[in-house]
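Enquirer: Quick one: structure below, then a few questions.
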Amino acid sequence: MRPAKNGHGGFWMAVALTAGLLAGCSPVPTPSPTAAAAPTVLPSPVPSIPPSPQPTLTPSLTPTAELTWPTVFEPAGCQPPPEDYTRVELGSWVINRRTQAMLEHAARLYGGEIDLAGAAVTQGSYHDNGAASFGTHLGGGAVDLSVIRLPEWVVLWDEIGPALRALRAAGFAAWLRDYGELSPDSPIHIHAVAVGDAELSAAAEAQLTGEAGYFRGYDGLPAQFGAPRPDRFGGPVVCAWMRAKGYEDLRPPEARALPTALPDLTPGQTLTYTVEPGDTLPAVAARFGTQAEAVARRNGLTRVDTLAVGKVLEIVVGE
């Protein structure tokens, strides 16, 4: 019986040894998945870091660094009118299609309450209004516009400045004629003369380039009104298409100086400005005591020779 006992013990010893070997081998394969997973973690952050700052830096700096600064800046809103002199009726008045297109363009630039291309017209062209108009309406291109809200008969004072800027950018020499300014009973209105109209009367042309004319910085009224009288609403707007027709800013150099900075501005102050008809980049920058280059760079402008009406610019005072 003893040999049988020894054989049985050897069997269990063999089983134990086999189990021990298997147990000793079991930890070996477990680290291999961990080691294999490591390459999938490491590469992921590497490509995501460098690209992120590059797209934000390049576009804002490169275009402005290569800009060419022109000697002449086109005022915002300039658009050459069609040379169409077909006569059309506007209410009870007659104008030509060129003047009509200019009024419509002015109305779009203005966008206010005064109906520049319609009901506001109170005198047209090709019309003899006697001594009160000095002959300016005898030819084409001349119109008068009401600034009164009806039926209340309220003068739209806050609308006059924006309407004049829009008319000038659209190509008119335009001024406000106040109550009694032309005669004891003359109404308040805007008088406008279309620059470059081929059918202008001699009196209307004199209001553009004569000694009391718009392009000389005056109000266009003749000598009996104390001419030349300064234009109360700023200097002329001179577009490229006007220059092509021979019109220029005829004011002395000192009168063409850029505006001085507005009062009550704090250096470093950040503000926004919406471009208005007739604006140029240097004039806007000067108004806020900064440089045109700084405004262009801050706003990523790719063109500086002209601005779009309604564009909102961010400006830092004194930058």
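By order in the structure tokens, chains are A, B, ...; within a chain, residues start at 1; ligands start at 1, following the order shown.
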When you look at region 229-232 of chain A with a cut-off of 6 Å (counting only C-alpha atoms), what residues show up, excluding the ones that are within fewer than 5 positions of it in the same chain? I need them as a PyMOL selection string.

Expert: chain A and resi 217-219

Enquirer: Write a file of the selected residues as a compact mmCIF listing (two decimals), in the first residue's frame, keeping all heavy atoms.

Expert:
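The resulting file, part08.txt, is reproduced below:
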# COMPACT_ATOMS: atom_id res chain seq x y z
N GLY A 217 -15.77 126.90 -50.92
CA GLY A 217 -16.08 126.90 -49.49
C GLY A 217 -17.11 127.91 -49.06
O GLY A 217 -17.17 128.25 -47.87
N TYR A 218 -17.95 128.37 -50.01
CA TYR A 218 -18.94 129.39 -49.68
C TYR A 218 -20.37 128.87 -49.91
O TYR A 218 -20.56 127.74 -50.36
CB TYR A 218 -18.68 130.66 -50.51
CG TYR A 218 -17.33 131.27 -50.23
CD1 TYR A 218 -16.34 131.32 -51.21
CD2 TYR A 218 -17.02 131.78 -48.97
CE1 TYR A 218 -15.09 131.86 -50.96
CE2 TYR A 218 -15.77 132.34 -48.70
CZ TYR A 218 -14.82 132.37 -49.70
OH TYR A 218 -13.57 132.91 -49.43
N ASP A 219 -21.35 129.74 -49.61
CA ASP A 219 -22.75 129.29 -49.61
C ASP A 219 -23.48 129.52 -50.92
O ASP A 219 -24.69 129.25 -51.02
CB ASP A 219 -23.52 129.93 -48.46
CG ASP A 219 -23.74 131.43 -48.62
OD1 ASP A 219 -23.25 132.01 -49.63
OD2 ASP A 219 -24.38 132.03 -47.75

Enquirer: With only C-alpha atoms as the counted atoms, please give the residues lying no more than 9 Å from Arg298 (chain A), apart from itself and same-chain residues fewer than 2 positions off, as a PyMOL selection string.

Expert: chain A and resi 60+293-296+300-301+313-316

Enquirer: Just to be explicit: take each residue in the selection above, keep C-alpha atoms, and write the result as a short mmCIF file (atom, residue, chain, number, x, y, z; two decimals), in the first residue's frame.

Expert:
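The result, written out as selection_6.cif:
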data_model
loop_
_atom_site.label_atom_id
_atom_site.label_comp_id
_atom_site.auth_asym_id
_atom_site.auth_seq_id
_atom_site.Cartn_x
_atom_site.Cartn_y
_atom_site.Cartn_z
CA SER A 60 -4.73 90.86 -39.14
CA GLU A 293 -2.89 103.91 -40.21
CA ALA A 294 -3.91 102.91 -36.69
CA VAL A 295 -7.61 102.86 -37.59
CA ALA A 296 -6.90 100.78 -40.70
CA GLY A 300 -8.25 95.04 -40.73
CA LEU A 301 -9.00 97.34 -43.67
CA LEU A 313 -15.07 101.28 -37.09
CA GLU A 314 -13.43 100.57 -33.74
CA ILE A 315 -11.20 103.49 -32.74
CA VAL A 316 -8.79 103.96 -29.85
#

Enquirer: Which residues, written as a VMD selection string, have at least one atom at most 8 Å from Glu248 (chain A), with only C-alpha atoms counted and residues fewer than 4 positions away on the same chain left out?

Expert: chain A and resid 215 238 242 to 243

Enquirer: Just the residues within 9 Å of region 207-209 of chain A, please, counting only C-alpha atoms, with nothing from its chain fewer than 6 positions along; format it as a ChimeraX atom specification.

Expert: /A:136,173,193,195,215-216,218-222,247,250

Enquirer: Excluding same-chain residues fewer than 3 positions from Gly278 (chain A), what lies within 6 Å of it counting only C-alpha atoms, as a ChimeraX atom specification?

Expert: /A:75-76,169

Enquirer: Restricting the calculation to only C-alpha atoms, which member of A:Pro282, A:Asp178, A:Ser186, A:Glu113 is positioned closest to Leu156 (chain A)?

Expert: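 Nearest candidate to Leu156 (chain A) out of A:Pro282, A:Asp178, A:Ser186, A:Glu113: A:Glu113.
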
Enquirer: Here is a test: counting only C-alpha atoms, which residue of A:Val72, A:Val317, A:Leu116, A:Leu150 is nearest to Thr280 (chain A)?

Expert: A:Val72

Enquirer: Please provide as a list in words all residues within 6 Å of Gly318 (chain A), with the sequence filter that same-chain residues fewer than 6 positions apart are discarded (counting only C-alpha atoms).

Expert: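 Contacts, with the query itself left out: Pro267, Gly289 and Thr290 of chain A.
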
Enquirer: Taking the chain letters and numbering used in this document, name the residues of region 28-260 of chain A that DSSP puts in helix (DSSP H, G or I), as a PyMOL selection string.

Expert: chain A and resi 31-41+45-48+54-65+97-110+130-133+157-169+202-209+214-216+223-225+240-244+253-256

Enquirer: Using only C-alpha atoms, which of the listed residues (A:Pro151, A:Gly135, A:Arg168, A:Gly268) sits closest to Glu205 (chain A)?

Expert: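 Closest residue, counting only C-alpha atoms: A:Gly135.
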
Enquirer: Using DSSP assignments from the backbone, pull out every residue in region 65-253 of chain A that falls under strand (DSSP E) and give it to me as a ChimeraX atom specification.

Expert: /A:87-90,93-96,121-123,142-146,148-149,154-155,172-177,189-194

Enquirer: Which residue gives the smallest distance to Gly180 (chain A) among A:Val143, A:Leu138, A:Ala132, A:Ile114, with only C-alpha atoms counted?

Expert: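 With only C-alpha atoms as the atom set, the closest residue is A:Ala132.
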
Enquirer: Between A:Ala223, A:Ile188, A:Leu90, A:Leu200, which has the minimum distance to Gln123 (chain A) (counting only C-alpha atoms)?

Expert: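 So, comparing all the options, the nearest one is A:Leu90.
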
Enquirer: Between A:Pro81, A:Pro162, A:Gly139, A:Pro259, which is the closest to Gly112 (chain A) once you count only C-alpha atoms?

Expert: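 Between A:Pro81, A:Pro162, A:Gly139, A:Pro259, the residue approaching Gly112 (chain A) most closely is A:Pro162.
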
Enquirer: Please report the interatomic distance between CA of Arg297 (chain A) and CA of Pro263 (chain A) in Å with one decimal.

Expert: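 The value is 24.2 Å.
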
Enquirer: Just how far from CA of Ala107 (chain A) is CA of Val284 (chain A), in Å to one decimal?

Expert: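 Taking CA of Val284 (chain A) as the start and CA of Ala107 (chain A) as the end point, the length is 22.6 Å.
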
Enquirer: Between CA of Trp93 (chain A) and CA of Gly124 (chain A), what is the distance in Å, rounded to a tenth?

Expert: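 According to the coordinates, CA of Trp93 (chain A) and CA of Gly124 (chain A) are separated by 5.0 Å.
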